[in-house]
$ cat upload_1.cif   # mmCIF, C-alpha atoms
data_target
#
loop_
_atom_site.label_atom_id
_atom_site.label_comp_id
_atom_site.auth_asym_id
_atom_site.auth_seq_id
_atom_site.Cartn_x
_atom_site.Cartn_y
_atom_site.Cartn_z
CA MET A 208 27.49 2.36 16.20
CA LEU A 209 25.07 3.47 13.46
CA LYS A 210 21.80 1.89 12.40
CA VAL A 211 21.41 1.80 8.62
CA ASN A 212 18.10 0.42 7.33
CA GLY A 213 17.79 -1.42 10.63
CA GLU A 214 21.23 -3.00 10.34
CA LYS A 215 23.97 -2.05 12.84
CA ILE A 216 27.29 -0.85 11.40
CA LYS A 217 30.49 0.30 13.07
CA TYR A 218 30.84 4.07 13.55
CA ARG A 219 34.09 5.80 12.61
CA GLU A 220 34.96 9.31 13.82
CA GLY A 221 33.97 11.97 11.28
CA MET A 222 31.92 9.65 9.09
CA THR A 223 30.01 11.45 6.33
CA VAL A 224 26.92 10.30 4.43
CA THR A 225 29.23 9.31 1.55
CA ASP A 226 31.27 7.14 3.94
CA VAL A 227 28.11 5.41 5.17
CA ILE A 228 27.00 4.74 1.59
CA HIS A 229 30.41 3.20 0.84
CA ALA A 230 30.40 1.19 4.06
CA MET A 231 27.04 -0.27 3.04
CA LYS A 232 28.45 -1.02 -0.46
CA PHE A 233 25.50 0.75 -2.10
CA ASN A 234 26.33 1.24 -5.74
CA PHE A 235 23.05 2.71 -6.93
CA PRO A 236 23.56 6.17 -8.41
CA LEU A 237 20.31 7.57 -7.02
CA LEU A 238 19.49 7.37 -3.35
CA ILE A 239 17.21 8.95 -0.77
CA VAL A 240 19.06 9.41 2.50
CA LYS A 241 17.53 10.35 5.83
CA VAL A 242 19.52 10.74 9.04
CA ASP A 243 17.33 10.55 12.15
CA GLY A 244 14.34 11.31 9.95
CA VAL A 245 15.90 14.37 8.30
CA TYR A 246 16.29 14.31 4.53
CA ILE A 247 19.84 14.98 3.31
CA PRO A 248 20.13 16.60 -0.15
CA ARG A 249 22.48 14.83 -2.54
CA ASP A 250 24.99 17.69 -2.79
CA GLU A 251 25.58 17.47 0.97
CA TYR A 252 26.54 13.76 1.11
CA GLY A 253 30.31 14.50 1.00
CA ASN A 254 30.48 16.99 3.84
CA ARG A 255 27.47 16.07 6.02
CA GLN A 256 28.75 14.20 9.07
CA VAL A 257 26.62 11.47 10.57
CA PRO A 258 26.65 11.61 14.39
CA ASP A 259 27.41 8.41 16.33
CA GLY A 260 24.21 6.56 17.22
CA SER A 261 22.27 7.93 14.24
CA ASP A 262 19.42 6.05 12.61
CA VAL A 263 20.10 6.23 8.86
CA GLU A 264 17.61 5.27 6.16
CA ILE A 265 18.79 4.78 2.61
CA ILE A 266 16.32 4.08 -0.19
CA HIS A 267 17.72 3.34 -3.62
CA LEU A 268 15.74 4.78 -6.51
CA ILE A 269 15.11 2.51 -9.45
CA SER A 270 13.26 3.06 -12.71
CA GLY A 271 9.79 1.81 -13.55
CA GLY A 272 6.32 3.25 -13.58
CA MET B 276 -37.41 7.70 12.54
CA ASN B 277 -34.96 9.55 10.32
CA VAL B 278 -33.00 7.82 7.55
CA PHE B 279 -31.24 8.90 4.36
CA VAL B 280 -32.66 7.84 1.00
CA ASN B 281 -30.15 8.50 -1.80
CA GLU B 282 -28.48 10.78 0.79
CA ARG B 283 -31.62 12.93 1.25
CA PRO B 284 -32.80 13.00 4.88
CA VAL B 285 -36.36 11.66 5.14
CA GLU B 286 -38.67 10.61 7.94
CA VAL B 287 -40.20 7.14 7.76
CA GLU B 288 -42.20 5.04 10.19
CA ALA B 289 -40.24 3.08 12.80
CA ASP B 290 -39.16 -0.38 11.58
CA ALA B 291 -40.00 0.49 7.95
CA THR B 292 -38.72 -2.11 5.49
CA VAL B 293 -36.58 -1.40 2.44
CA ALA B 294 -39.57 -2.41 0.28
CA LEU B 295 -41.83 0.15 1.94
CA VAL B 296 -39.34 3.00 1.63
CA SER B 297 -38.57 2.05 -1.96
CA ALA B 298 -42.31 2.10 -2.82
CA LEU B 299 -42.47 5.64 -1.45
CA TYR B 300 -39.33 7.10 -3.02
CA LYS B 301 -38.34 5.00 -6.04
CA PRO B 302 -40.85 2.28 -6.92
CA ALA B 303 -38.87 1.13 -9.97
CA ALA B 304 -35.70 0.46 -7.95
CA ASP B 305 -34.21 -3.02 -8.23
CA VAL B 306 -30.86 -2.50 -6.45
CA PHE B 307 -31.01 -1.77 -2.71
CA ILE B 308 -27.88 -0.78 -0.82
CA CYS B 309 -27.92 0.02 2.88
CA ASN B 310 -24.84 1.48 4.62
CA GLY B 311 -22.62 0.42 1.74
CA PHE B 312 -23.90 -3.13 1.34
CA PRO B 313 -26.64 -4.76 -0.81
CA VAL B 314 -29.68 -5.81 1.25
CA ALA B 315 -32.95 -7.73 0.73
CA THR B 316 -36.19 -5.75 0.44
CA ALA B 317 -37.53 -7.31 3.64
CA THR B 318 -34.70 -5.73 5.66
CA ARG B 319 -35.94 -3.40 8.41
CA LEU B 320 -34.24 -0.02 8.50
CA GLN B 321 -32.87 1.57 11.63
CA GLU B 322 -32.48 5.18 12.69
CA GLY B 323 -29.73 6.93 10.71
CA ASP B 324 -29.39 4.25 8.00
CA HIS B 325 -28.19 5.32 4.56
CA LEU B 326 -30.35 3.59 1.93
CA VAL B 327 -29.51 3.92 -1.77
CA LEU B 328 -32.16 2.96 -4.33
CA ILE B 329 -31.00 2.28 -7.88
CA ARG B 330 -32.82 1.18 -11.01
CA ARG B 331 -30.56 -1.02 -13.14
CA GLY B 332 -29.71 0.41 -16.56
CA GLU B 333 -31.09 3.88 -15.82
CA ILE B 334 -28.63 6.71 -16.48
CA PRO B 335 -28.99 9.08 -13.53
CA THR B 336 -28.76 12.87 -13.45
CA ALA B 337 -25.39 14.39 -12.51
CA GLU B 338 -26.30 15.11 -8.89
CA GLU B 339 -27.95 11.71 -8.45
CA LEU B 340 -24.90 10.00 -9.94
CA ASP B 341 -22.66 11.37 -7.22
CA VAL B 342 -24.77 9.66 -4.56
CA LEU B 343 -25.31 6.42 -6.46
CA MET B 344 -21.61 6.00 -7.29
CA ALA B 345 -20.73 6.19 -3.62
CA ALA B 346 -23.41 3.66 -2.61
CA ARG B 347 -20.84 0.96 -1.89
CA HIS B 348 -18.59 3.28 0.13
CA THR B 349 -18.59 3.15 3.90
CA PRO B 350 -21.01 5.98 4.91
CA GLY B 351 -19.27 9.32 5.52
CA VAL B 352 -16.24 8.47 3.42
CA GLN B 353 -17.30 10.32 0.31
CA ALA B 354 -17.82 13.67 2.01
CA ARG B 355 -14.24 13.56 3.32
CA LEU B 356 -12.73 12.46 0.01
CA LYS B 357 -14.63 15.19 -1.83
CA ARG B 358 -12.72 17.90 0.05
CA ALA B 359 -9.33 16.40 -0.80
CA VAL B 360 -6.80 17.54 -3.40
CA VAL B 361 -4.37 14.88 -4.66
CA GLY B 362 -1.43 15.69 -6.94
CA ILE B 363 -0.21 13.08 -9.43
CA ALA B 364 3.24 13.67 -10.91
CA GLY B 365 3.41 11.60 -14.09
CA CYS B 366 0.47 10.01 -15.91
CA GLY B 367 1.95 6.71 -17.10
CA GLY B 368 1.46 3.21 -15.72
CA LEU B 369 1.34 4.36 -12.12
CA GLY B 370 -0.26 7.80 -12.46
CA SER B 371 -3.08 6.91 -14.85
CA THR B 372 -4.08 3.94 -12.68
CA VAL B 373 -3.93 5.94 -9.45
CA ALA B 374 -6.05 8.67 -11.09
CA VAL B 375 -8.73 6.21 -12.24
CA ALA B 376 -8.98 4.61 -8.78
CA LEU B 377 -9.16 7.96 -6.96
CA ALA B 378 -11.75 9.31 -9.44
CA ARG B 379 -13.91 6.23 -8.83
CA VAL B 380 -13.96 6.84 -5.09
CA GLY B 381 -14.69 10.52 -5.66
CA VAL B 382 -11.56 12.38 -4.53
CA GLY B 383 -12.60 16.02 -5.06
CA THR B 384 -9.68 17.37 -7.07
CA LEU B 385 -6.92 15.62 -9.00
CA VAL B 386 -3.95 17.72 -10.17
CA LEU B 387 -2.26 15.93 -13.09
CA ALA B 388 1.13 16.72 -14.62
CA ASP B 389 2.78 14.98 -17.59
CA PHE B 390 4.48 16.41 -20.70
CA ASP B 391 4.15 13.28 -22.83
CA VAL B 392 1.68 12.00 -25.43
CA VAL B 393 -0.01 8.59 -25.58
CA GLU B 394 1.87 6.11 -27.74
CA PRO B 395 1.25 2.42 -28.50
CA SER B 396 3.86 1.04 -26.06
CA ASN B 397 1.91 2.70 -23.21
CA LEU B 398 -1.18 0.58 -23.80
CA ASN B 399 0.25 -2.57 -22.18
CA ARG B 400 -0.15 -1.01 -18.74
CA GLN B 401 -1.55 2.51 -18.84
CA GLN B 402 -5.20 3.55 -18.68
CA PHE B 403 -5.42 4.87 -22.27
CA PHE B 404 -7.21 3.71 -25.42
CA ILE B 405 -6.18 3.18 -29.04
CA ASP B 406 -8.19 6.19 -30.18
CA GLN B 407 -6.19 8.37 -27.75
CA ILE B 408 -2.80 7.66 -29.37
CA GLY B 409 -1.12 10.98 -30.13
CA GLN B 410 -3.14 12.92 -27.54
CA ARG B 411 -1.42 14.53 -24.60
CA LYS B 412 -1.67 12.13 -21.67
CA VAL B 413 -3.17 14.69 -19.30
CA ASP B 414 -5.88 15.51 -21.87
CA ALA B 415 -6.67 11.87 -22.63
CA LEU B 416 -6.78 11.03 -18.93
CA THR B 417 -8.96 14.05 -18.13
CA ALA B 418 -11.46 12.86 -20.76
CA THR B 419 -11.47 9.32 -19.33
CA LEU B 420 -11.89 10.52 -15.74
CA GLY B 421 -14.83 12.67 -16.86
CA ARG B 422 -16.49 9.56 -18.30
CA ILE B 423 -16.00 7.74 -14.99
CA ASN B 424 -16.94 10.45 -12.51
CA PRO B 425 -17.88 13.92 -13.75
CA ALA B 426 -18.02 15.21 -10.16
CA VAL B 427 -14.22 15.05 -9.86
CA ARG B 428 -12.43 18.31 -10.70
CA VAL B 429 -9.38 17.58 -12.84
CA ASP B 430 -6.60 20.13 -13.12
CA PRO B 431 -4.38 18.98 -16.02
CA HIS B 432 -0.90 20.40 -16.67
CA PRO B 433 0.80 19.30 -19.91
CA VAL B 434 4.25 20.21 -18.61
CA ARG B 435 7.46 18.51 -17.54
CA VAL B 436 7.72 18.58 -13.75
CA THR B 437 10.94 20.39 -12.72
CA PRO B 438 12.39 21.57 -9.41
CA ASP B 439 11.15 25.06 -10.33
CA ASN B 440 7.47 24.24 -10.87
CA VAL B 441 6.81 21.60 -8.18
CA ALA B 442 5.58 24.22 -5.69
CA ALA B 443 3.29 25.95 -8.19
CA LEU B 444 1.85 22.69 -9.51
CA PHE B 445 1.35 20.78 -6.28
CA GLY B 446 1.49 23.31 -3.44
CA ARG B 447 -2.24 22.96 -2.74
CA ALA B 448 -2.27 19.14 -2.80
CA ASP B 449 -3.02 17.35 0.48
CA VAL B 450 -1.04 14.36 -0.76
CA LEU B 451 1.35 13.99 -3.68
CA VAL B 452 1.78 10.79 -5.70
CA GLU B 453 5.12 10.17 -7.41
CA ALA B 454 4.34 8.32 -10.63
CA PHE B 455 7.36 8.76 -12.89
CA ASP B 456 9.04 6.02 -14.88
CA ARG B 457 12.67 7.13 -14.61
CA ALA B 458 14.76 6.98 -11.42
CA ASP B 459 16.31 10.42 -11.99
CA GLN B 460 12.84 11.96 -12.21
CA LYS B 461 11.84 10.23 -8.97
CA ALA B 462 14.98 11.64 -7.31
CA MET B 463 14.25 15.13 -8.63
CA LEU B 464 10.72 15.06 -7.21
CA VAL B 465 11.76 13.78 -3.76
CA GLU B 466 14.45 16.44 -3.53
CA ALA B 467 12.07 19.23 -4.58
CA VAL B 468 9.28 18.09 -2.25
CA MET B 469 11.67 17.76 0.71
CA ARG B 470 12.89 21.30 0.04
CA GLU B 471 9.53 22.98 -0.72
CA PHE B 472 7.20 21.16 1.65
CA PRO B 473 8.93 18.52 3.79
CA GLU B 474 5.73 17.75 5.71
CA LYS B 475 3.59 16.95 2.66
CA PRO B 476 2.84 13.22 2.35
CA LEU B 477 4.60 11.84 -0.75
CA VAL B 478 3.61 8.37 -1.98
CA MET B 479 6.20 6.82 -4.31
CA GLY B 480 6.24 3.75 -6.54
CA LEU B 481 9.52 1.87 -6.43
CA GLY B 482 10.28 -1.54 -7.96
CA MET B 483 7.55 -3.15 -10.06
CA ALA B 484 9.14 -4.70 -13.15
CA GLY B 485 8.22 -8.23 -14.20
CA TRP B 486 5.29 -10.31 -13.05
CA GLY B 487 4.17 -12.35 -10.06
CA ARG B 488 5.89 -12.23 -6.65
CA ASN B 489 2.96 -10.55 -4.95
CA ASP B 490 4.67 -11.49 -1.69
CA LEU B 491 7.42 -8.92 -2.29
CA LEU B 492 5.12 -5.96 -2.91
CA HIS B 493 4.54 -3.81 0.13
CA THR B 494 4.48 -0.24 1.47
CA ARG B 495 7.07 1.16 3.82
CA ARG B 496 6.99 4.52 5.52
CA SER B 497 9.65 6.97 6.58
CA GLY B 498 8.02 10.06 8.09
CA SER B 499 5.94 11.74 5.39
CA LEU B 500 7.45 9.50 2.69
CA TYR B 501 5.64 6.30 1.67
CA VAL B 502 7.30 3.83 -0.71
CA CYS B 503 5.17 1.21 -2.51
CA GLY B 504 6.68 -1.65 -4.51
CA ASP B 505 9.37 -4.30 -4.03
CA ASP B 506 12.37 -1.89 -3.84
CA LEU B 507 14.14 -4.36 -6.12
CA ALA B 508 12.91 -4.95 -9.65
CA GLU B 509 14.13 -2.11 -11.82
CA ALA B 510 12.75 -1.78 -15.35
CA GLY B 511 15.39 -2.52 -17.98
CA PRO B 512 16.35 -4.94 -20.77
CA HIS B 513 14.64 -8.29 -20.09
CA ARG B 514 12.76 -6.71 -17.20
CA GLY B 515 9.58 -5.32 -18.69
CA LEU B 516 6.76 -3.31 -17.16
CA MET B 517 3.33 -4.89 -17.43
CA ALA B 518 -0.20 -4.01 -16.40
CA PRO B 519 -0.68 -6.43 -13.48
CA ARG B 520 2.42 -5.74 -11.39
CA VAL B 521 2.59 -2.01 -12.19
CA GLY B 522 -1.15 -1.90 -11.50
CA VAL B 523 -0.77 -3.54 -8.08
CA VAL B 524 1.84 -0.98 -7.10
CA ALA B 525 -0.31 1.89 -8.43
CA LEU B 526 -3.24 0.64 -6.38
CA LEU B 527 -1.04 0.26 -3.30
CA GLN B 528 -0.26 3.94 -3.82
CA ALA B 529 -3.94 4.87 -4.29
CA ASN B 530 -4.86 2.81 -1.22
CA GLN B 531 -2.16 4.56 0.81
CA VAL B 532 -3.57 7.92 -0.32
CA MET B 533 -6.96 6.83 1.04
CA GLU B 534 -5.41 6.00 4.41
CA ILE B 535 -3.58 9.33 4.56
CA LEU B 536 -6.80 11.21 3.76
CA LEU B 537 -9.20 9.18 5.91
CA GLY B 538 -6.97 7.79 8.66
CA ARG B 539 -6.63 4.07 9.33
CA ASP B 540 -9.74 2.01 8.66
CA SER B 541 -10.98 1.25 12.17
CA GLN B 542 -13.28 -1.53 10.91
CA ILE B 543 -10.29 -3.47 9.60
CA GLY B 544 -8.48 -2.80 12.88
CA ARG B 545 -11.36 -4.37 14.82
CA LEU B 546 -11.34 -7.44 12.55
CA GLU B 547 -7.60 -7.76 13.01
CA LEU B 548 -8.03 -7.66 16.79
CA ALA B 549 -10.89 -10.15 16.69
CA ARG B 550 -8.81 -12.54 14.60
CA GLY B 551 -5.94 -12.26 17.07
CA ALA B 552 -8.31 -13.09 19.95
CA GLY B 553 -9.88 -15.94 17.97
CA ALA B 554 -6.50 -17.44 17.14
CA ASP B 555 -5.61 -17.43 20.85
CA ARG B 556 -8.69 -19.48 21.58
CA GLY B 557 -7.98 -21.80 18.65
CA GLN B 558 -11.11 -20.64 16.83
CA GLU B 559 -11.86 -19.58 13.30
CA PRO B 560 -10.90 -15.98 12.57
CA GLY B 561 -13.58 -13.70 14.00
CA ARG B 562 -16.13 -12.02 11.79
#

$ encode --input "upload_1.cif" --output "structure tokens"
Amino acid sequence: MLKVNGEKIKYREGMTVTDVIHAMKFNFPLLIVKVDGVYIPRDEYGNRQVPDGSDVEIIHLISGG
Amino acid sequence: MNVFVNERPVEVEADATVALVSALYKPAADVFICNGFPVATATRLQEGDHLVLIRRGEIPTAEELDVLMAARHTPGVQARLKRAVVGIAGCGGLGSTVAVALARVGVGTLVLADFDVVEPSNLNRQQFFIDQIGQRKVDALTATLGRINPAVRVDPHPVRVTPDNVAALFGRADVLVEAFDRADQKAMLVEAVMREFPEKPLVMGLGMAGWGRNDLLHTRRSGSLYVCGDDLAEAGPHRGLMAPRVGVVALLQANQVMEILLGRDSQIGRLELARGAGADRGQEPGR
């Protein structure tokens, strides 16, 4: 089980950040991802595994200011 | 007893009234503010009170101005803000409004970065004037801030913020405000800040297009990252950016900066508690 933005999702063995983003159906091109409070750089999404039980925060970046 | 008159420590007789102290130190005063709040002249002062005496319409000297501007602050706040350095990345709708608010409260140093110049489509939401069109935004904003509060040190950088200059520009800032328009710029800044100084508080603006829906605007925190806005309304075709909603988000950011610099306002906390207790007893909210 993972917690993503407070919502529980099913954990699959070997899940990466990219897999979590797909599982959540996020289609925003620009995201901030933190796993257990640790910021994950964008170029690590594909190979950074998310341990079972992690608390994941995903913030989608949108224009305006 | 000892009190402060325009922040100068003075000794006055016990139970002295505002009128008496004013007659001694500024007979022409017609605005009387004690501990951040206007008072009547018959008010009796107490040990340690901060009394500010102002004459309406009189332009004060530079050192006097500093004290008089802070008259409506909670006592002690200004000294703490004066030591602070706040970085503002981008001087558009968010950044210019944050800068004006923080200059008014007397944040000591504001580091500004923006490569752009003022153009007419900025004026619907940004703190610039018609006669500043064509000027670099950091220069125009520096001039405006100087007209509001000359005690604030402004450090303007007319450059594009890039991953390579974030550390040099903002390394000394106690808090950094993200105030870009474009999502890719916001992403670049978060990435650079997380790499260079992951502990530095970063206050972002996210989701502020359109108008109304105050109920959706809020601040959420994730460690040292604070996100102000609705997280929803992206600027785009048929979703414009306008002064009120962008301004609310900018001021949420400025207000969050205050809390990071000063800690949580304990007075508000006490009121919140009192209201909770009052509600339990079925009474009016406490005051």

$ residues_around --input "upload_1.cif" --residues "Val280 of chain B" --least-positions-apart "5" --cutoff "9 Å" --atoms "all atoms listed in the file" --output "PDB file with C-alpha atoms, in the frame of the given file"
ATOM      1  CA  VAL B 285     -36.360  11.660   5.140  1.00  0.00           C
ATOM      2  CA  VAL B 296     -39.340   3.000   1.630  1.00  0.00           C
ATOM      3  CA  SER B 297     -38.570   2.050  -1.960  1.00  0.00           C
ATOM      4  CA  TYR B 300     -39.330   7.100  -3.020  1.00  0.00           C
ATOM      5  CA  ASP B 324     -29.390   4.250   8.000  1.00  0.00           C
ATOM      6  CA  HIS B 325     -28.190   5.320   4.560  1.00  0.00           C
ATOM      7  CA  LEU B 326     -30.350   3.590   1.930  1.00  0.00           C
ATOM      8  CA  VAL B 327     -29.510   3.920  -1.770  1.00  0.00           C
ATOM      9  CA  LEU B 328     -32.160   2.960  -4.330  1.00  0.00           C
TER      10      LEU B 328
END

$ resolve_selection --input "upload_1.cif" --expression "the PyMOL selection byres ((chain B) within 8 of (chain A))" --output "list in words"
Gly367, Gly368, Leu369, Ala454, Phe455, Asp456, Arg457, Ala458, Asp459, Lys461, Ala462, Val465, Glu466, Met469, Gly480, Leu481, Gly482, Met483, Ala484, Ser497, Gly498, Asp506, Leu507, Ala508, Glu509, Ala510, Gly511, Leu516 and Val521 of chain B

$ atom_distance --input "upload_1.cif" --atom1 "atom CA of Thr336 of chain B" --atom2 "atom CA of Ala529 of chain B"
27.6 Å

$ resolve_selection --input "upload_1.cif" --expression "the PyMOL selection byres ((chain A and resi 256) around 8)" --output "mmCIF file with C-alpha atoms, keeping the file's coordinate frame"
data_model
loop_
_atom_site.group_PDB
_atom_site.id
_atom_site.type_symbol
_atom_site.label_atom_id
_atom_site.label_comp_id
_atom_site.auth_asym_id
_atom_site.auth_seq_id
_atom_site.Cartn_x
_atom_site.Cartn_y
_atom_site.Cartn_z
ATOM 1 C CA GLY A 221 33.970 11.970 11.280
ATOM 2 C CA MET A 222 31.920 9.650 9.090
ATOM 3 C CA THR A 223 30.010 11.450 6.330
ATOM 4 C CA VAL A 224 26.920 10.300 4.430
ATOM 5 C CA ASN A 254 30.480 16.990 3.840
ATOM 6 C CA ARG A 255 27.470 16.070 6.020
ATOM 7 C CA VAL A 257 26.620 11.470 10.570
ATOM 8 C CA PRO A 258 26.650 11.610 14.390
#

$ resolve_selection --input "upload_1.cif" --expression "the PyMOL selection byres ((chain B and resi 503) around 7)" --output "list of chain:residue names"
B:Met479, B:Gly480, B:Leu481, B:His493, B:Thr494, B:Arg495, B:Tyr501, B:Val502, B:Gly504, B:Val524, B:Leu527, B:Gln528

$ residues_near_point --input "upload_1.cif" --point "(1.2, 18.2, -23.3)" --cutoff "10 Å" --atoms "all atoms listed in the file" --output "PDB file with C-alpha atoms, keeping the file's coordinate frame"
ATOM      1  CA  ALA B 388       1.130  16.720 -14.620  1.00  0.00           C
ATOM      2  CA  ASP B 389       2.780  14.980 -17.590  1.00  0.00           C
ATOM      3  CA  PHE B 390       4.480  16.410 -20.700  1.00  0.00           C
ATOM      4  CA  ASP B 391       4.150  13.280 -22.830  1.00  0.00           C
ATOM      5  CA  VAL B 392       1.680  12.000 -25.430  1.00  0.00           C
ATOM      6  CA  VAL B 393      -0.010   8.590 -25.580  1.00  0.00           C
ATOM      7  CA  GLN B 410      -3.140  12.920 -27.540  1.00  0.00           C
ATOM      8  CA  ARG B 411      -1.420  14.530 -24.600  1.00  0.00           C
ATOM      9  CA  LYS B 412      -1.670  12.130 -21.670  1.00  0.00           C
ATOM     10  CA  VAL B 413      -3.170  14.690 -19.300  1.00  0.00           C
ATOM     11  CA  ASP B 414      -5.880  15.510 -21.870  1.00  0.00           C
ATOM     12  CA  PRO B 431      -4.380  18.980 -16.020  1.00  0.00           C
ATOM     13  CA  HIS B 432      -0.900  20.400 -16.670  1.00  0.00           C
ATOM     14  CA  PRO B 433       0.800  19.300 -19.910  1.00  0.00           C
ATOM     15  CA  VAL B 434       4.250  20.210 -18.610  1.00  0.00           C
ATOM     16  CA  ARG B 435       7.460  18.510 -17.540  1.00  0.00           C
TER      17      ARG B 435
END

$ residues_around --input "upload_1.cif" --residues "Lys217 of chain A" --least-positions-apart "3" --cutoff "10 Å" --atoms "all atoms listed in the file" --output "MDAnalysis selection string"
chainID A and resid 208:210 227 230 259:260

$ residues_around --input "upload_1.cif" --residues "Leu537 of chain B" --least-positions-apart "5" --cutoff "9 Å" --atoms "all atoms listed in the file" --output "ChimeraX atom specification"
/B:352,355-356,532

$ atom_distance --input "upload_1.cif" --atom1 "atom CA of Pro313 of chain B" --atom2 "atom CA of Gly351 of chain B"
17.1 Å

$ decode --input "upload_1.cif" --residues "segment 226-243 of chain A" --atoms "N, CA and C atoms" --output "CSV table (one decimal), in the first residue's frame"
chain,number,residue,atom,x,y,z
A,226,ASP,N,5.8,4.9,-12.4
A,226,ASP,CA,4.6,4.0,-12.3
A,226,ASP,C,3.6,4.6,-11.4
A,227,VAL,N,4.0,5.2,-10.3
A,227,VAL,CA,3.0,5.9,-9.4
A,227,VAL,C,2.3,7.0,-10.1
A,228,ILE,N,3.0,7.8,-10.9
A,228,ILE,CA,2.4,8.9,-11.6
A,228,ILE,C,1.3,8.3,-12.6
A,229,HIS,N,1.7,7.2,-13.3
A,229,HIS,CA,0.7,6.6,-14.2
A,229,HIS,C,-0.5,6.0,-13.4
A,230,ALA,N,-0.2,5.4,-12.3
A,230,ALA,CA,-1.3,4.8,-11.5
A,230,ALA,C,-2.3,5.9,-11.1
A,231,MET,N,-1.8,7.1,-10.8
A,231,MET,CA,-2.6,8.2,-10.3
A,231,MET,C,-3.3,8.9,-11.5
A,232,LYS,N,-2.9,8.5,-12.8
A,232,LYS,CA,-3.4,9.1,-14.0
A,232,LYS,C,-3.1,10.6,-14.1
A,233,PHE,N,-2.0,11.0,-13.5
A,233,PHE,CA,-1.5,12.4,-13.6
A,233,PHE,C,-1.0,12.6,-15.1
A,234,ASN,N,-1.6,13.6,-15.7
A,234,ASN,CA,-1.1,13.8,-17.1
A,234,ASN,C,-0.4,15.2,-17.2
A,235,PHE,N,-0.2,15.8,-16.1
A,235,PHE,CA,0.5,17.1,-16.2
A,235,PHE,C,2.0,16.9,-16.5
A,236,PRO,N,2.5,17.7,-17.4
A,236,PRO,CA,3.9,17.5,-17.7
A,236,PRO,C,4.9,17.8,-16.6
A,237,LEU,N,4.5,18.8,-15.7
A,237,LEU,CA,5.5,19.3,-14.7
A,237,LEU,C,5.0,19.0,-13.3
A,238,LEU,N,5.7,18.2,-12.6
A,238,LEU,CA,5.3,17.8,-11.3
A,238,LEU,C,6.4,18.0,-10.3
A,239,ILE,N,6.0,18.2,-9.0
A,239,ILE,CA,7.0,18.1,-7.9
A,239,ILE,C,6.6,16.8,-7.2
A,240,VAL,N,7.6,15.9,-7.0
A,240,VAL,CA,7.4,14.6,-6.3
A,240,VAL,C,8.2,14.5,-5.1
A,241,LYS,N,7.6,14.2,-4.0
A,241,LYS,CA,8.4,13.9,-2.7
A,241,LYS,C,8.0,12.5,-2.3
A,242,VAL,N,8.9,11.7,-1.9
A,242,VAL,CA,8.7,10.4,-1.3
A,242,VAL,C,9.2,10.4,0.1
A,243,ASP,N,8.3,10.2,1.0
A,243,ASP,CA,8.6,10.4,2.5
A,243,ASP,C,9.3,11.6,2.8
